[in-house]
Structure formats: C-alpha cells, structure tokens
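Heads up, work.pdb below (PDB, C-alpha atoms, pLDDT in the B column):
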ATOM      1  CA  MET I 806       5.668 -65.992 119.126  1.00 56.00           C
ATOM      2  CA  LYS I 807       5.640 -62.914 116.993  1.00 59.00           C
ATOM      3  CA  LYS I 808       4.959 -59.661 118.786  1.00 62.00           C
ATOM      4  CA  ASN I 809       2.940 -56.935 117.156  1.00 63.00           C
ATOM      5  CA  LYS I 810       5.532 -54.197 117.198  1.00 60.00           C
ATOM      6  CA  LYS I 811       4.207 -50.900 115.956  1.00 60.00           C
ATOM      7  CA  LYS I 812       6.491 -49.350 113.395  1.00 60.00           C
ATOM      8  CA  THR I 813       7.046 -45.651 113.986  1.00 59.00           C
ATOM      9  CA  VAL I 814       6.778 -43.478 110.909  1.00 58.00           C
ATOM     10  CA  SER I 815       9.021 -40.439 110.709  1.00 60.00           C
ATOM     11  CA  LEU I 816       7.528 -37.004 111.234  1.00 60.00           C
ATOM     12  CA  LYS I 817       8.426 -36.040 107.665  1.00 63.00           C
ATOM     13  CA  LYS I 818       6.239 -38.807 106.237  1.00 71.00           C
ATOM     14  CA  ARG I 819       3.282 -37.740 108.375  1.00 75.00           C
ATOM     15  CA  MET I 820       3.298 -34.051 107.393  1.00 82.00           C
ATOM     16  CA  ASN I 821       2.033 -32.404 104.217  1.00 86.00           C
ATOM     17  CA  ARG I 822       3.774 -29.439 102.585  1.00 87.00           C
ATOM     18  CA  THR I 823       1.818 -26.818 104.527  1.00 87.00           C
ATOM     19  CA  ALA I 824       2.588 -28.524 107.838  1.00 88.00           C
ATOM     20  CA  ILE I 825       6.285 -28.630 106.929  1.00 87.00           C
ATOM     21  CA  LEU I 826       6.194 -24.882 106.222  1.00 88.00           C
ATOM     22  CA  ALA I 827       4.655 -24.224 109.649  1.00 87.00           C
ATOM     23  CA  PHE I 828       7.222 -26.561 111.255  1.00 86.00           C
ATOM     24  CA  TYR I 829      10.044 -24.695 109.494  1.00 87.00           C
ATOM     25  CA  LYS I 830       8.733 -21.222 110.397  1.00 88.00           C
ATOM     26  CA  LYS I 831       8.993 -22.116 114.103  1.00 88.00           C
ATOM     27  CA  ARG I 832      12.649 -23.083 113.642  1.00 88.00           C
ATOM     28  CA  GLN I 833      14.004 -20.742 110.967  1.00 88.00           C
ATOM     29  CA  LEU I 834      17.240 -18.865 111.469  1.00 88.00           C
ATOM     30  CA  ARG I 835      18.993 -15.994 109.763  1.00 91.00           C
ATOM     31  CA  GLY I 836      20.706 -17.073 106.552  1.00 92.00           C
ATOM     32  CA  ASP I 837      18.328 -19.935 105.807  1.00 92.00           C
ATOM     33  CA  ASN I 838      17.042 -18.257 102.623  1.00 93.00           C
ATOM     34  CA  ALA I 839      20.536 -18.316 101.136  1.00 95.00           C
ATOM     35  CA  ARG I 840      21.067 -21.919 102.190  1.00 94.00           C
ATOM     36  CA  LEU I 841      17.715 -23.006 100.748  1.00 94.00           C
ATOM     37  CA  SER I 842      18.487 -21.088  97.577  1.00 95.00           C
ATOM     38  CA  ASP I 843      21.805 -22.931  97.177  1.00 95.00           C
ATOM     39  CA  GLU I 844      20.238 -26.332  97.840  1.00 93.00           C
ATOM     40  CA  THR I 845      17.164 -25.999  95.631  1.00 94.00           C
ATOM     41  CA  GLY I 846      18.169 -23.566  92.893  1.00 95.00           C
ATOM     42  CA  TYR I 847      15.268 -21.199  93.614  1.00 96.00           C
ATOM     43  CA  SER I 848      16.012 -17.506  94.118  1.00 96.00           C
ATOM     44  CA  GLU I 849      16.027 -16.052  97.610  1.00 95.00           C
ATOM     45  CA  SER I 850      13.123 -13.761  96.699  1.00 96.00           C
ATOM     46  CA  HIS I 851      11.034 -16.767  95.583  1.00 95.00           C
ATOM     47  CA  ILE I 852      11.773 -18.563  98.857  1.00 94.00           C
ATOM     48  CA  SER I 853      10.797 -15.422 100.770  1.00 94.00           C
ATOM     49  CA  ASN I 854       7.518 -15.283  98.812  1.00 95.00           C
ATOM     50  CA  VAL I 855       6.819 -18.937  99.599  1.00 93.00           C
ATOM     51  CA  LYS I 856       7.394 -18.353 103.314  1.00 91.00           C
ATOM     52  CA  ALA I 857       5.090 -15.320 103.209  1.00 92.00           C
ATOM     53  CA  GLY I 858       2.356 -17.335 101.486  1.00 90.00           C
ATOM     54  CA  ARG I 859       2.465 -15.489  98.154  1.00 94.00           C
ATOM     55  CA  ARG I 860       3.698 -18.573  96.261  1.00 93.00           C
ATOM     56  CA  ARG I 861       2.959 -22.272  96.581  1.00 91.00           C
ATOM     57  CA  ILE I 862       5.455 -24.517  98.261  1.00 90.00           C
ATOM     58  CA  THR I 863       6.946 -27.261  96.078  1.00 89.00           C
ATOM     59  CA  ASN I 864       7.899 -30.719  97.321  1.00 89.00           C
ATOM     60  CA  GLU I 865      11.570 -29.992  96.692  1.00 90.00           C
ATOM     61  CA  LEU I 866      11.474 -26.810  98.766  1.00 91.00           C
ATOM     62  CA  ALA I 867       9.391 -28.442 101.520  1.00 90.00           C
ATOM     63  CA  ASN I 868      11.910 -31.279 101.796  1.00 89.00           C
ATOM     64  CA  ALA I 869      14.835 -28.853 101.953  1.00 91.00           C
ATOM     65  CA  MET I 870      13.087 -26.803 104.659  1.00 90.00           C
ATOM     66  CA  TYR I 871      12.436 -29.927 106.699  1.00 89.00           C
ATOM     67  CA  TYR I 872      15.971 -31.282 106.447  1.00 89.00           C
ATOM     68  CA  ILE I 873      17.489 -27.911 107.402  1.00 89.00           C
ATOM     69  CA  SER I 874      15.323 -27.468 110.491  1.00 87.00           C
ATOM     70  CA  HIS I 875      14.354 -30.924 111.770  1.00 83.00           C
ATOM     71  CA  ARG I 876      17.075 -31.044 114.450  1.00 80.00           C
ATOM     72  CA  ARG I 877      16.540 -27.512 115.688  1.00 79.00           C
ATOM     73  CA  VAL I 878      14.608 -26.576 118.808  1.00 79.00           C
ATOM     74  CA  SER I 879      11.447 -24.547 118.290  1.00 74.00           C
ATOM     75  CA  GLN I 880      11.902 -20.791 118.825  1.00 68.00           C
ATOM     76  CA  THR I 881       9.722 -19.269 121.534  1.00 67.00           C
ATOM     77  CA  ALA I 882       9.480 -15.567 122.152  1.00 60.00           C
TER      78      ALA I 882
END

This entry written out as structure tokens:
Amino acid sequence: MKKNKKKTVSLKKRMNRTAILAFYKKRQLRGDNARLSDETGYSESHISNVKAGRRRITNELANAMYYISHRRVSQTA
C-alpha cells in the first residue's frame, strides 16, 4: 500500500521577495552588506537602499539574503 506522505516544501520556496527581506532583517549582522555586495555585484549603497525600502528587491538579491541568513537565529532585543 502506498502511503500519502506529504512532501515538505522549503521555506525559501514558500516566501516571496518581501517576506525574504523581512526574514533577513531579523537575522542580519554587521558586515552583511559587504558580503552581499561581493556575491551579487550590487554596490553596498544599493543594498542599503533596498533594505531601507528605497529600492526594489531583485530575485538575485533576495536569494543571496536568504542563503546568508537562513541558518541564523532570529535577533531579539
């Protein structure tokens, strides 16, 4: 007999770009702008503008933000 096993979909596949930005903001650390800049080719000032909401987030940047922060624990203050 075949069991109906529910396949779990990763968190990344369930979140849109805005949700990824919110997820990243909870887990960001010092130096992440430089790391994101190196990985994506965008300038640090552009990444800062994206995080502040002055620019739109691209798929490439959203993916980089997710992969940098997905193993981190959420920061609580």

Residues near stretch 834-849 of chain I, cut-off 7 Å, only C-alpha atoms, skip fewer than 6 positions along chain, as an mmCIF file with C-alpha atoms, in the frame of the given file:
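Saved result, around_5.cif, follows:
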data_model
loop_
_atom_site.group_PDB
_atom_site.id
_atom_site.type_symbol
_atom_site.label_atom_id
_atom_site.label_comp_id
_atom_site.auth_asym_id
_atom_site.auth_seq_id
_atom_site.Cartn_x
_atom_site.Cartn_y
_atom_site.Cartn_z
ATOM 1 C CA GLU I 865 11.570 -29.992 96.692
ATOM 2 C CA LEU I 866 11.474 -26.810 98.766
ATOM 3 C CA ALA I 869 14.835 -28.853 101.953
#

Open item on the list: At a cut-off of 12 Å, using all atoms listed in the file, what residues contact I:Lys831? Leave out same-chain residues fewer than 4 positions from it and give the result as an NGL selection string.
Closed with: :I and (824-827 or 856 or 870-871 or 874-875 or 877-882)

TODO: Record the distance separating atom CA of I:Lys830 and atom CA of I:Ala857, expressed in Å with one decimal.
DONE: 10.0 Å

Open item on the list: Taking 5 positions as the minimum chain separation for residues in the same chain, which residues sit within 9 Å of stretch 858-863 of chain I when counting all atoms listed in the file? Answer as a list in words.
Closed with: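 Close residues of stretch 858-863 of chain I: Arg822, Thr823, Leu826, His851, Ile852, Ser853 and Asn868 of chain I.
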
Resulting file, chosen residues, C-alpha atoms, as a PDB file, keeping the file's coordinate frame:
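Result file is selection_9.pdb:
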ATOM      1  CA  ARG I 822       3.774 -29.439 102.585  1.00 87.00           C
ATOM      2  CA  THR I 823       1.818 -26.818 104.527  1.00 87.00           C
ATOM      3  CA  LEU I 826       6.194 -24.882 106.222  1.00 88.00           C
ATOM      4  CA  HIS I 851      11.034 -16.767  95.583  1.00 95.00           C
ATOM      5  CA  ILE I 852      11.773 -18.563  98.857  1.00 94.00           C
ATOM      6  CA  SER I 853      10.797 -15.422 100.770  1.00 94.00           C
ATOM      7  CA  ASN I 868      11.910 -31.279 101.796  1.00 89.00           C
TER       8      ASN I 868
END

Edge lengths and centre in Å to one decimal, as lines of an AutoDock Vina configuration file, of the axis-aligned box that encloses all listed atoms of stretch 860-877 of chain I with 5 Å added on every side?
center_x = 10.2
center_y = -24.9
center_z = 105.9
size_x = 24.5
size_y = 22.7
size_z = 29.6
